[in-house]
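Chemist: This one is coords_34.txt, compact mmCIF, C-alpha atoms.
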# COMPACT_ATOMS: atom_id res chain seq x y z
CA GLY D 1 45.56 0.51 34.30
CA GLY D 2 47.99 -2.31 35.07
CA ARG D 3 49.19 -5.26 33.11
CA TYR D 4 46.48 -7.37 34.67
CA LYS D 5 43.32 -5.42 34.06
CA MET D 6 40.98 -8.39 34.05
CA ALA D 7 38.52 -9.10 31.27
CA PHE D 8 35.54 -9.95 33.43
CA THR D 9 33.65 -11.62 30.60
CA THR D 10 35.84 -14.72 30.50
CA ARG D 11 36.98 -16.27 33.74
CA PRO D 12 38.77 -19.50 32.82
CA TYR D 13 40.17 -20.02 36.33
CA LEU D 14 36.96 -19.48 38.31
CA ASN D 15 36.82 -23.13 39.46
CA GLY D 16 39.52 -23.27 42.11
CA ILE D 17 40.71 -25.61 44.86
CA GLY D 18 43.29 -25.50 47.67
CA TYR D 19 45.69 -28.43 47.93
CA VAL D 20 48.45 -29.01 50.52
CA PRO D 21 50.45 -31.86 48.99
CA TYR D 22 53.23 -31.97 51.53
CA TYR D 23 51.05 -32.98 54.47
CA SER D 24 49.20 -35.74 52.64
CA LYS D 25 51.86 -37.11 50.28
CA ASP D 26 52.70 -40.19 52.36
CA LEU D 27 49.04 -41.25 52.46
CA VAL D 28 47.52 -39.94 49.23
CA PRO D 29 49.77 -40.06 46.15
CA VAL D 30 49.81 -36.78 44.23
CA GLU D 31 48.51 -38.61 41.16
CA GLU D 32 45.41 -39.69 43.09
CA ALA D 33 44.76 -36.19 44.39
CA ALA D 34 45.24 -34.74 40.89
CA GLU D 35 42.69 -37.20 39.47
CA ARG D 36 40.13 -35.90 41.98
CA ILE D 37 40.98 -32.32 41.03
CA GLU D 38 40.39 -33.20 37.37
CA ARG D 39 37.03 -34.86 38.11
CA LEU D 40 35.96 -31.83 40.12
CA ASN D 41 36.89 -29.78 37.01
CA ALA D 42 39.02 -27.38 39.07
CA LYS D 43 41.17 -25.34 36.68
CA CYS D 44 43.06 -23.27 39.24
CA VAL D 45 44.94 -24.75 42.21
CA ARG D 46 46.18 -22.78 45.20
CA LEU D 47 49.06 -24.93 46.27
CA TRP D 48 50.89 -24.67 49.61
CA HIS D 49 54.52 -24.21 48.60
CA PRO D 50 56.25 -23.76 51.99
CA PHE D 51 59.70 -22.20 51.70
CA ALA D 52 60.56 -23.71 55.10
CA THR D 53 60.36 -27.14 53.47
CA LEU D 54 62.05 -26.04 50.25
CA MET D 55 65.02 -23.98 51.45
CA GLU D 56 68.12 -24.10 53.65
CA ALA D 57 68.71 -20.36 53.40
CA PRO D 58 67.33 -17.41 51.39
CA ASP D 59 69.47 -18.35 48.39
CA ARG D 60 69.80 -22.13 48.92
CA LEU D 61 67.25 -24.76 47.94
CA ARG D 62 66.78 -28.33 49.20
CA SER D 63 66.98 -30.49 46.10
CA GLU D 64 64.77 -33.34 47.32
CA ALA D 65 61.85 -31.07 48.21
CA VAL D 66 62.35 -29.05 45.02
CA ASP D 67 62.11 -32.24 42.92
CA PHE D 68 58.94 -33.23 44.75
CA PHE D 69 57.24 -29.90 43.96
CA HIS D 70 58.31 -29.95 40.29
CA GLY D 71 56.66 -33.36 40.16
CA VAL D 72 53.46 -32.03 41.76
CA TYR D 73 53.19 -29.25 39.19
CA SER D 74 53.73 -31.51 36.18
CA THR D 75 51.15 -33.98 37.56
CA LEU D 76 48.57 -31.21 38.01
CA ARG D 77 49.15 -30.01 34.43
CA LYS D 78 48.57 -33.56 33.16
CA HIS D 79 45.20 -33.46 34.91
CA GLY D 80 43.92 -30.30 33.27
CA VAL D 81 44.98 -27.65 35.77
CA GLU D 82 45.43 -24.41 33.84
CA GLN D 83 46.59 -22.02 36.54
CA ILE D 84 48.89 -22.84 39.45
CA ILE D 85 49.07 -20.29 42.26
CA ALA D 86 51.80 -21.19 44.75
CA LEU D 87 51.35 -19.87 48.29
CA ASN D 88 54.18 -19.26 50.71
CA HIS D 89 54.08 -17.58 54.11
CA ASP D 90 57.47 -18.60 55.54
CA TRP D 91 60.56 -16.40 55.83
CA PHE D 92 63.99 -16.23 57.48
CA LEU D 93 65.38 -14.29 60.43
CA PRO D 94 68.91 -14.58 61.84
CA ASP D 95 69.41 -16.87 64.85
CA GLU D 96 71.79 -15.97 67.72
CA THR D 97 74.79 -16.71 65.52
CA GLY D 98 73.40 -14.72 62.59
CA ARG D 99 72.50 -17.80 60.54
CA PRO D 100 69.13 -17.89 58.80
CA HIS D 101 66.34 -19.83 60.47
CA PHE D 102 62.58 -19.92 59.95
CA ALA D 103 60.88 -17.28 61.97
CA GLY D 104 57.44 -18.78 62.65
CA PHE D 105 55.55 -15.77 61.15
CA ALA D 106 57.44 -13.22 63.27
CA VAL D 107 59.12 -10.05 61.98
CA PRO D 108 61.00 -7.21 63.67
CA HIS D 109 59.47 -3.73 64.00
CA ARG D 110 59.93 -1.49 60.96
CA ASP D 111 61.91 1.16 62.84
CA THR D 112 64.56 -1.24 64.16
CA GLU D 113 68.00 -2.11 62.77
CA ALA D 114 66.92 -5.68 62.13
CA PHE D 115 64.23 -4.73 59.63
CA ALA D 116 66.25 -3.84 56.49
CA PRO D 117 68.34 -7.06 56.57
CA PHE D 118 65.11 -9.05 57.06
CA LEU D 119 63.60 -7.45 53.92
CA GLN D 120 66.75 -8.16 51.93
CA TRP D 121 66.59 -11.86 52.79
CA TYR D 122 62.86 -11.80 52.09
CA GLU D 123 63.35 -10.48 48.55
CA THR D 124 66.21 -12.91 47.86
CA MET D 125 64.06 -15.84 48.93
CA TRP D 126 61.25 -14.95 46.48
CA ARG D 127 63.75 -14.33 43.66
CA THR D 128 65.32 -17.76 44.28
CA GLN D 129 61.96 -19.57 44.25
CA ALA D 130 60.54 -17.80 41.18
CA ARG D 131 63.72 -18.65 39.26
CA GLU D 132 63.50 -22.32 40.22
CA PHE D 133 59.76 -22.71 39.47
CA PRO D 134 58.92 -21.09 36.12
CA GLU D 135 55.96 -23.49 35.81
CA VAL D 136 54.16 -21.62 38.62
CA ASP D 137 51.74 -19.16 36.98
CA GLY D 138 51.25 -16.97 40.00
CA TRP D 139 52.41 -16.50 43.58
CA GLU D 140 50.26 -15.62 46.57
CA THR D 141 52.87 -13.73 48.56
CA GLY D 142 51.68 -14.48 52.08
CA ASN D 143 48.73 -15.66 54.12
CA GLU D 144 46.37 -13.73 56.40
CA MET D 145 48.94 -11.09 57.29
CA ASN D 146 46.18 -9.05 58.93
CA HIS D 147 45.78 -11.91 61.42
CA VAL D 148 47.97 -12.14 64.57
CA PRO D 149 48.95 -15.84 64.21
CA PHE D 150 50.41 -15.17 60.75
CA LEU D 151 52.21 -11.88 61.43
CA HIS D 152 53.50 -10.87 64.84
CA ALA D 153 56.54 -9.19 66.39
CA SER D 154 59.80 -11.07 66.85
CA ASP D 155 60.82 -8.29 69.25
CA ALA D 156 57.55 -8.00 71.19
CA LYS D 157 59.38 -8.12 74.56
CA GLU D 158 61.11 -4.82 73.78
CA HIS D 159 58.60 -3.15 71.48
CA GLY D 160 55.17 -4.71 72.04
CA ASP D 161 53.11 -6.42 69.35
CA PHE D 162 51.54 -4.98 66.19
CA THR D 163 48.11 -3.41 65.68
CA LEU D 164 45.94 -4.21 62.67
CA LEU D 165 47.30 -1.12 60.88
CA ASP D 166 50.91 -1.98 61.80
CA ARG D 167 50.36 -5.33 60.10
CA ALA D 168 49.01 -3.57 56.99
CA ASP D 169 52.15 -1.39 56.92
CA LEU D 170 54.39 -4.46 57.23
CA CYS D 171 52.40 -6.22 54.54
CA THR D 172 52.91 -3.22 52.21
CA GLU D 173 56.71 -3.36 52.70
CA MET D 174 56.80 -7.13 52.29
CA MET D 175 54.65 -7.12 49.14
CA LEU D 176 56.97 -4.63 47.44
CA CYS D 177 59.96 -6.90 48.16
CA SER D 178 58.31 -10.18 47.20
CA ALA D 179 57.00 -8.67 43.94
CA ARG D 180 60.43 -7.26 43.13
CA GLY D 181 62.07 -10.62 43.81
CA ILE D 182 59.54 -12.54 41.72
CA ARG D 183 59.60 -10.07 38.80
CA SER D 184 63.39 -10.13 38.60
CA SER D 185 63.20 -13.90 37.95
CA ALA D 186 59.78 -14.32 36.30
CA PRO D 187 58.42 -11.07 34.87
CA GLN D 188 55.25 -12.75 33.59
CA SER D 189 54.14 -14.16 36.96
CA LEU D 190 50.79 -13.09 38.36
CA ILE D 191 51.31 -11.67 41.84
CA VAL D 192 48.38 -12.24 44.19
CA MET D 193 48.40 -10.23 47.41
CA PRO D 194 48.47 -12.19 50.70
CA GLY D 195 44.91 -13.42 51.29
CA MET D 196 43.26 -11.39 54.05
CA ALA D 197 41.29 -13.12 56.82
CA PRO D 198 37.86 -11.81 57.82
CA ILE D 199 39.01 -10.57 61.21
CA GLY D 200 39.07 -7.17 62.85
CA GLY D 201 41.48 -5.35 65.11
CA GLU D 202 40.31 -6.86 68.38
CA ARG D 203 38.95 -10.24 67.53
CA ILE D 204 40.75 -13.46 66.67
CA GLY D 205 38.19 -14.33 63.96
CA VAL D 206 38.34 -17.43 61.82
CA PHE D 207 40.86 -19.80 63.29
CA ALA D 208 40.52 -23.57 63.85
CA ASN D 209 36.96 -24.15 65.07
CA ASN D 210 36.21 -20.55 65.88
CA VAL D 211 33.94 -19.20 63.16
CA ALA D 212 33.67 -15.54 64.15
CA VAL D 213 34.08 -13.26 61.12
CA GLU D 214 34.49 -9.54 60.63
CA TYR D 215 34.84 -8.16 57.12
CA ASP D 216 35.54 -4.64 58.29
CA GLY D 217 39.07 -5.65 59.29
CA MET D 218 39.73 -6.52 55.63
CA VAL D 219 38.30 -3.17 54.51
CA GLN D 220 40.58 -1.33 56.97
CA THR D 221 43.60 -3.40 55.96
CA LEU D 222 43.12 -2.88 52.22
CA ARG D 223 42.42 0.84 52.69
CA ARG D 224 45.64 1.23 54.66
CA ILE D 225 47.62 -0.65 51.97
CA TYR D 226 46.30 1.61 49.19
CA GLU D 227 46.93 4.71 51.35
CA ASN D 228 50.47 3.54 52.00
CA ILE D 229 51.13 3.04 48.29
CA ALA D 230 49.64 6.43 47.37
CA SER D 231 51.72 8.19 50.05
CA GLY D 232 55.03 7.46 48.32
CA LYS D 233 56.59 6.65 51.70
CA PHE D 234 56.99 2.99 50.76
CA GLY D 235 58.73 3.56 47.42
CA SER D 236 56.59 3.03 44.34
CA THR D 237 53.18 4.70 44.11
CA ASN D 238 51.97 2.14 41.55
CA PRO D 239 49.88 -0.66 43.10
CA ARG D 240 51.10 -3.02 40.34
CA ASP D 241 54.56 -2.92 41.89
CA TYR D 242 53.01 -4.63 44.92
CA PHE D 243 50.33 -6.98 43.52
CA ASP D 244 48.37 -7.79 40.36
CA ALA D 245 45.29 -9.22 42.06
CA LEU D 246 43.43 -8.69 45.31
CA CYS D 247 42.91 -11.62 47.64
CA TRP D 248 40.82 -12.45 50.67
CA HIS D 249 39.13 -15.33 52.48
CA PRO D 250 35.33 -14.93 52.48
CA TYR D 251 34.46 -17.28 55.36
CA TYR D 252 30.90 -16.61 56.45
CA ALA D 253 29.08 -16.91 59.76
CA VAL D 254 26.70 -14.82 61.87
CA GLN D 255 26.23 -14.29 65.58
CA ASN D 256 22.93 -15.23 67.27
CA ASP D 257 21.31 -13.40 70.22
CA GLN D 258 23.32 -15.46 72.70
CA GLY D 259 26.54 -14.32 71.04
CA ASP D 260 27.31 -17.73 69.51
CA TRP D 261 28.65 -17.82 65.99
CA ARG D 262 27.34 -20.26 63.43
CA TYR D 263 27.81 -20.84 59.75
CA VAL D 264 25.06 -19.53 57.51
CA CYS D 265 24.34 -19.98 53.85
CA PRO D 266 26.01 -17.31 51.66
CA ASP D 267 23.35 -14.84 50.50
CA ASP D 268 23.07 -11.29 49.22
CA ALA D 269 24.39 -9.97 52.54
CA TRP D 270 27.54 -12.04 51.96
CA VAL D 271 27.85 -10.59 48.44
CA ARG D 272 27.54 -7.07 49.92
CA LEU D 273 30.30 -7.80 52.45
CA ASN D 274 32.63 -8.94 49.66
CA ASN D 275 31.65 -5.94 47.54
CA SER D 276 32.55 -3.65 50.45
CA VAL D 277 36.11 -5.00 50.35
CA TYR D 278 36.34 -4.66 46.57
CA ALA D 279 34.96 -1.09 46.79
CA VAL D 280 38.22 -0.01 48.47
CA ALA D 281 40.15 -0.81 45.27
CA GLU D 282 37.58 1.13 43.24
CA GLU D 283 37.89 4.08 45.60
CA TYR D 284 41.67 4.19 45.01
CA GLY D 285 41.39 4.07 41.22
CA ASP D 286 42.00 0.33 40.88
CA ALA D 287 38.57 -0.65 39.54
CA GLY D 288 38.85 -3.63 37.19
CA ILE D 289 41.54 -5.41 39.19
CA GLY D 290 40.76 -9.11 39.62
CA CYS D 291 40.34 -10.87 42.94
CA TYR D 292 41.23 -14.35 44.17
CA LEU D 293 39.08 -15.73 46.97
CA SER D 294 41.94 -17.99 47.97
CA GLU D 295 40.19 -19.81 50.85
CA TYR D 296 36.45 -20.38 50.90
CA GLY D 297 34.92 -23.27 52.80
CA PHE D 298 33.19 -24.69 55.85
CA ASN D 299 34.43 -26.96 58.64
CA ASP D 300 32.08 -29.93 59.19
CA ASN D 301 34.06 -31.22 62.20
CA GLY D 302 33.76 -34.75 60.82
CA ASP D 303 29.95 -34.75 61.18
CA ALA D 304 28.06 -36.24 58.20
CA GLN D 305 24.89 -34.22 58.88
CA ALA D 306 26.88 -31.00 59.02
CA ASP D 307 28.61 -32.02 55.78
CA ALA D 308 25.25 -32.39 54.01
CA GLN D 309 24.12 -28.92 55.09
CA LEU D 310 27.47 -27.26 54.47
CA ALA D 311 27.59 -28.77 50.97
CA GLU D 312 24.55 -26.61 50.15
CA TYR D 313 26.19 -23.54 51.70
CA LEU D 314 29.38 -24.15 49.74
CA ALA D 315 27.47 -24.42 46.46
CA ALA D 316 25.48 -21.25 47.19
CA GLY D 317 28.67 -19.20 47.58
CA ILE D 318 30.18 -20.55 44.38
CA ARG D 319 26.97 -19.71 42.48
CA LEU D 320 26.89 -16.18 43.91
CA ALA D 321 30.53 -15.57 42.98
CA LYS D 322 29.72 -16.65 39.43
CA GLU D 323 26.50 -14.65 39.14
CA LYS D 324 27.02 -11.52 41.24
CA MET D 325 30.76 -10.98 41.82
CA PRO D 326 32.28 -10.33 38.38
CA TYR D 327 35.64 -9.27 39.86
CA VAL D 328 36.30 -12.76 41.26
CA GLN D 329 38.84 -14.50 39.02
CA SER D 330 38.91 -17.69 41.08
CA ILE D 331 37.07 -19.03 44.09
CA GLN D 332 39.48 -21.50 45.64
CA VAL D 333 37.62 -24.00 47.78
CA TYR D 334 39.33 -24.70 51.10
CA ARG D 335 40.21 -27.49 50.61
CA LEU D 336 40.83 -30.80 48.89
CA LEU D 337 42.28 -32.81 51.81
CA ASN D 338 42.81 -32.29 55.51
CA ILE D 339 46.19 -31.95 57.15
CA MET D 340 46.72 -35.64 57.66
CA ASP D 341 49.83 -36.22 59.65
CA VAL D 342 49.83 -33.40 62.17
CA PRO D 343 48.64 -34.82 65.50
CA GLY D 344 45.88 -32.92 67.25
CA VAL D 345 44.89 -30.76 64.28
CA ILE D 346 41.17 -31.13 63.71
CA ASP D 347 40.57 -29.40 60.43
CA ASP D 348 37.56 -30.74 58.57
CA TYR D 349 37.20 -28.18 55.81
CA SER D 350 38.15 -30.92 53.36
CA LEU D 351 36.07 -32.27 50.48
CA PHE D 352 37.35 -35.81 51.12
CA ASP D 353 37.73 -38.11 54.09
CA TRP D 354 40.59 -40.53 54.50
CA LYS D 355 39.28 -43.83 55.88
CA GLY D 356 40.76 -47.31 55.82
CA GLY D 357 43.40 -46.35 53.29
CA LYS D 358 40.87 -44.84 50.87
CA LEU D 359 39.75 -41.38 49.85
CA LEU D 360 36.00 -40.99 50.30
CA ALA D 361 34.11 -38.06 48.84
CA LYS D 362 31.97 -36.03 51.21
CA LYS D 363 28.73 -34.37 50.12
CA LYS D 364 30.77 -31.16 49.86
CA ALA D 365 32.90 -32.74 47.10
CA TYR D 366 29.86 -33.62 45.00
CA ALA D 367 28.38 -30.14 45.53
CA VAL D 368 31.60 -28.55 44.26
CA GLN D 369 31.76 -30.96 41.32
CA ALA D 370 28.21 -29.99 40.28
CA CYS D 371 29.01 -26.26 40.51
CA PHE D 372 32.23 -26.70 38.56
CA GLY D 373 30.63 -28.82 35.82
CA GLY D 374 32.88 -31.78 36.57
CA SER D 375 32.07 -35.45 36.10
CA GLY D 376 33.16 -38.94 37.11
CA SER D 377 33.22 -40.84 40.38
CA LEU D 378 34.99 -39.05 43.24
CA ASP D 379 35.46 -42.10 45.47
Let me see whether you can do it: turn the structure in this file into structure tokens.
Modeler:
Amino acid sequence: GGRYKMAFTTRPYLNGIGYVPYYSKDLVPVEEAAERIERLNAKCVRLWHPFATLMEAPDRLRSEAVDFFHGVYSTLRKHGVEQIIALNHDWFLPDETGRPHFAGFAVPHRDTEAFAPFLQWYETMWRTQAREFPEVDGWETGNEMNHVPFLHASDAKEHGDFTLLDRADLCTEMMLCSARGIRSSAPQSLIVMPGMAPIGGERIGVFANNVAVEYDGMVQTLRRIYENIASGKFGSTNPRDYFDALCWHPYYAVQNDQGDWRYVCPDDAWVRLNNSVYAVAEEYGDAGIGCYLSEYGFNDNGDAQADAQLAEYLAAGIRLAKEKMPYVQSIQVYRLLNIMDVPGVIDDYSLFDWKGGKLLAKKKAYAVQACFGGSGSLD
């Protein structure tokens, strides 16, 4: 048993939402976004807290960005948010002169000289952030590290890139360091493992408009992580020294006879897929650990008809998590707003549209509000 054996009977943070304030702040004031979160009745927010924006170096913060994020957190609290989970998946590597720079999700191979100094900086960075932000309840210590775009080799020219299992090994090392850094500053923080993407060893999976999914890659990744911990080769053999909660992204689609992928409504087969991931924790003696579904949503590609159908799909998954997946502590809908000021990024998972200087609720927003027991106008 760990410190965070979850009481499955009460799940105060089940209603969750993802919010990326930095990309939308110049168009949608944080106060306005927080009002929508309150009317949705979302109690848990997964908030993008990018260290690249917040830091000059592993032990040096940028005061202007830091002030902005303190403001975001106090605004969310004012609007009834009870649990703040901050997500970061940035880190530093040395540039040619040895100075820290952001690595774009690349790390050196574990058996190279560069690896230990990388880990040291990595731990320092988490320690620095957790000390500065005591108001953050929990940290998700990475994003989709089983997925090539979010974890690849900085030294691929010399050593090749990583396999799925290599990435699980790297993730194990990195989780131990991030947890150690966070705990040294904020012992009470909840540590959520980096959310896994539903992708396998070969396939790119869920990325932009590609909706292919493969849950087996998450099963393999989690199994490898638990094996690594049990082996003693990574240091501690206690999973709680790495994470307090499991985390994955239960995007859902199926392939038709022509090989095309399309979204389908979450159903009992979807529940079984999620259970198959959770079963790995049970197999390794970690039954009772909670899970954060830190991204769950559907991309409507800006199409109103698709939005209407996907609103029903979204609601079905939330209902199933509530009724049939007792280990889920929070289902964090991906997401409140789109990335608004990055040219060329079409990313219509959002619950709201931004048109003519106004936030307009999609059907998806009202579906989530109904599931979450919220009230009030969303426009």
Chemist: Counting only C-alpha atoms, which residues of region 243-337 of chain D sit at most 10 Å from some atom of region 181-199 of chain D, and what is each one's closest atom pair with its distance in Å to one decimal, listed by chain and rising residue number, as JSON lines?
Modeler:
{"residue": "D:Phe243", "atom": "CA", "partner": "D:Ile191", "partner_atom": "CA", "distance": 5.1}
{"residue": "D:Asp244", "atom": "CA", "partner": "D:Ile191", "partner_atom": "CA", "distance": 5.1}
{"residue": "D:Ala245", "atom": "CA", "partner": "D:Val192", "partner_atom": "CA", "distance": 4.8}
{"residue": "D:Leu246", "atom": "CA", "partner": "D:Met193", "partner_atom": "CA", "distance": 5.6}
{"residue": "D:Cys247", "atom": "CA", "partner": "D:Gly195", "partner_atom": "CA", "distance": 4.5}
{"residue": "D:Trp248", "atom": "CA", "partner": "D:Gly195", "partner_atom": "CA", "distance": 4.2}
{"residue": "D:His249", "atom": "CA", "partner": "D:Ala197", "partner_atom": "CA", "distance": 5.3}
{"residue": "D:Pro250", "atom": "CA", "partner": "D:Pro198", "partner_atom": "CA", "distance": 6.7}
{"residue": "D:Tyr251", "atom": "CA", "partner": "D:Pro198", "partner_atom": "CA", "distance": 6.9}
{"residue": "D:Tyr252", "atom": "CA", "partner": "D:Pro198", "partner_atom": "CA", "distance": 8.6}
{"residue": "D:Gly290", "atom": "CA", "partner": "D:Val192", "partner_atom": "CA", "distance": 9.4}
{"residue": "D:Cys291", "atom": "CA", "partner": "D:Val192", "partner_atom": "CA", "distance": 8.3}
{"residue": "D:Tyr292", "atom": "CA", "partner": "D:Val192", "partner_atom": "CA", "distance": 7.5}
{"residue": "D:Leu293", "atom": "CA", "partner": "D:Gly195", "partner_atom": "CA", "distance": 7.6}
{"residue": "D:Ser294", "atom": "CA", "partner": "D:Gly195", "partner_atom": "CA", "distance": 6.4}
{"residue": "D:Glu295", "atom": "CA", "partner": "D:Gly195", "partner_atom": "CA", "distance": 8.0}
Chemist: Please list, as a list in words, the residues that have an atom at most 10 Å away from (29.6, -19.1, 44.7) in the coordinates of this file, counting all atoms listed in the file.
Modeler: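 Every residue inside that radius is included here: Leu14, Asn15, Pro266, Asp267, Val271, Tyr296, Tyr313, Leu314, Ala315, Ala316, Gly317, Ile318, Arg319, Leu320, Ala321, Lys322, Glu323, Lys324, Met325, Val328, Ile331, Val333, Val368 and Cys371 of chain D.
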Chemist: Please measure the separation of CA of Val81 (chain D) and CA of Ala287 (chain D), giving the value in Å to one decimal.
Modeler: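 Between CA of Val81 (chain D) and CA of Ala287 (chain D) the gap works out to 28.0 Å.
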Chemist: Find, counting only C-alpha atoms, the residue in D:Met55, D:Leu165, D:Leu119, D:Ala114 that gets nearest to Glu132 (chain D).
Modeler: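 That would be D:Met55, the residue with the smallest distance to Glu132 (chain D).
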Chemist: Please determine, counting only C-alpha atoms, which residue among D:Glu312, D:Asp303, D:Glu96, D:Asp111 has the shortest atom-to-atom distance to Leu170 (chain D).
Modeler: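 Ranking D:Glu312, D:Asp303, D:Glu96, D:Asp111 by distance to Leu170 (chain D), first place goes to D:Asp111.
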Chemist: What is the CA of Ala42 (chain D)-CA of Asp300 (chain D) distance in Å, reported with one decimal?
Modeler: 21.4 Å
Chemist: So that I can check the surroundings of Ala153 (chain D), please list as number ranges by chain every protein, DNA and RNA residue that reaches within 8 Å of it, counting all atoms listed in the file and ignoring chain neighbours fewer than 6 positions away.
Modeler: D: 106-109, 160-162
Chemist: Around (40.1, -19.2, 33.6), as given in the file, which residues come within 12 Å? Count only C-alpha atoms and list them as an MDAnalysis selection string.
Modeler: chainID D and resid 6:16 41:45 80:84 290 292 328:331 372
Chemist: Which residues, written as a PyMOL selection string, have at least one atom at most 7 Å from Leu93 (chain D), with only C-alpha atoms counted and residues fewer than 6 positions away on the same chain left out?
Modeler: chain D and resi 100-103+118
Chemist: As an exercise, work out the distance from CA of Asn299 (chain D) to CA of Phe105 (chain D) in Å and give it to one decimal place.
Modeler: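 These atoms are spaced 24.0 Å apart.
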Chemist: Give one line per residue of region 258-374 of chain D that approaches region 212-219 of chain D to at most 12 Å, naming the two atoms of the closest pair and their distance in Å to one decimal, counting all atoms listed in the file; sort by chain then ascending residue number and deliver it as a tab-separated table.
Modeler:
residue	atom	partner	partner_atom	distance
D:Gly259	CA	D:Ala212	CA	10.0
D:Asp260	CA	D:Ala212	CA	8.6
D:Trp261	CA	D:Ala212	CA	5.8
D:Arg262	CA	D:Ala212	CA	7.9
D:Tyr263	CA	D:Ala212	CA	9.0
D:Val264	CA	D:Val213	CA	11.6
D:Ala269	CA	D:Tyr215	CA	11.6
D:Trp270	CA	D:Tyr215	CA	9.7
D:Val271	CA	D:Tyr215	CA	11.4
D:Arg272	CA	D:Tyr215	CA	10.3
D:Leu273	CA	D:Tyr215	CA	6.5
D:Asn274	CA	D:Tyr215	CA	7.8
D:Asn275	CA	D:Val219	CA	10.0
D:Ser276	CA	D:Val219	CA	7.1
D:Val277	CA	D:Val219	CA	5.0
D:Tyr278	CA	D:Val219	CA	8.3
D:Ala279	CA	D:Val219	CA	8.7
D:Val280	CA	D:Val219	CA	6.8
D:Ala281	CA	D:Val219	CA	9.7
D:Glu283	CA	D:Val219	CA	11.5
Chemist: I'd like the neighbourhood of Asp90 (chain D) as an MDAnalysis selection string, where a residue qualifies if any of its atoms comes within 12 Å (using all atoms listed in the file), though same-chain residues fewer than 3 positions away should be ignored.
Modeler: chainID D and resid 48:55 57:58 87 93 101:107 121:122 125:126 140:143 145 150:151 174 178
Chemist: For a quick check of understanding, using only C-alpha atoms, which of D:Ala365, D:Val30, D:Met175, D:Leu351 has the smallest distance to Tyr73 (chain D)?
Modeler: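 Using only C-alpha atoms, Tyr73 (chain D) sits closest to D:Val30.
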Chemist: Quick one: residues within 10 Å of Val28 (chain D), all atoms listed in the file, excluding same-chain residues fewer than 2 positions away - as a list of chain:residue names?
Modeler: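 So the residues in contact are D:Pro21, D:Tyr23, D:Ser24, D:Lys25, D:Asp26, D:Val30, D:Glu31, D:Glu32, D:Ala33, D:Leu337, D:Met340, D:Trp354, D:Gly357, D:Lys358, D:Leu359.
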Chemist: Smallest atom-to-atom distance to Arg60 (chain D): which of D:Lys355, D:Arg131, D:His152, D:Arg39, using all atoms listed in the file?
Modeler: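 Looking at the shortest contact to Arg60 (chain D), the residue is D:Arg131.
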Chemist: For a quick check of understanding, using only C-alpha atoms, which of D:Glu173, D:Glu144, D:Glu158, D:Asp95 has the smallest distance to Gly200 (chain D)?
Modeler: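 Looking at the shortest contact to Gly200 (chain D), the residue is D:Glu144.
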Chemist: From the set D:Ala130, D:Leu336, D:Leu176, D:Ala311, which residue has the shortest atom-to-atom contact distance to Ala370 (chain D), counting all atoms listed in the file?
Modeler: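 Smallest distance to Ala370 (chain D) is found for D:Ala311.
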Chemist: Please complete region 171-178 of chain D with N, CA, C and O atoms and give it back as an mmCIF file, in the coordinates of the input.
Modeler:
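This is the output file result_14.cif:
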data_model
loop_
_atom_site.group_PDB
_atom_site.id
_atom_site.type_symbol
_atom_site.label_atom_id
_atom_site.label_comp_id
_atom_site.auth_asym_id
_atom_site.auth_seq_id
_atom_site.Cartn_x
_atom_site.Cartn_y
_atom_site.Cartn_z
ATOM 1 N N CYS D 171 52.817 -5.503 55.749
ATOM 2 C CA CYS D 171 52.400 -6.220 54.540
ATOM 3 C C CYS D 171 52.763 -5.410 53.299
ATOM 4 O O CYS D 171 53.234 -5.961 52.295
ATOM 5 N N THR D 172 52.569 -4.083 53.347
ATOM 6 C CA THR D 172 52.910 -3.220 52.210
ATOM 7 C C THR D 172 54.398 -3.354 51.870
ATOM 8 O O THR D 172 54.772 -3.564 50.709
ATOM 9 N N GLU D 173 55.251 -3.243 52.890
ATOM 10 C CA GLU D 173 56.710 -3.360 52.700
ATOM 11 C C GLU D 173 57.060 -4.733 52.114
ATOM 12 O O GLU D 173 57.880 -4.848 51.192
ATOM 13 N N MET D 174 56.459 -5.763 52.688
ATOM 14 C CA MET D 174 56.800 -7.130 52.290
ATOM 15 C C MET D 174 56.329 -7.427 50.875
ATOM 16 O O MET D 174 57.015 -8.095 50.103
ATOM 17 N N MET D 175 55.154 -6.903 50.497
ATOM 18 C CA MET D 175 54.650 -7.120 49.140
ATOM 19 C C MET D 175 55.570 -6.487 48.093
ATOM 20 O O MET D 175 55.796 -7.064 47.026
ATOM 21 N N LEU D 176 56.080 -5.292 48.390
ATOM 22 C CA LEU D 176 56.970 -4.630 47.440
ATOM 23 C C LEU D 176 58.209 -5.500 47.195
ATOM 24 O O LEU D 176 58.648 -5.683 46.057
ATOM 25 N N CYS D 177 58.753 -6.069 48.272
ATOM 26 C CA CYS D 177 59.960 -6.900 48.160
ATOM 27 C C CYS D 177 59.686 -8.229 47.473
ATOM 28 O O CYS D 177 60.465 -8.662 46.616
ATOM 29 N N SER D 178 58.599 -8.890 47.833
ATOM 30 C CA SER D 178 58.310 -10.180 47.200
ATOM 31 C C SER D 178 58.046 -9.975 45.712
ATOM 32 O O SER D 178 58.552 -10.729 44.877
#
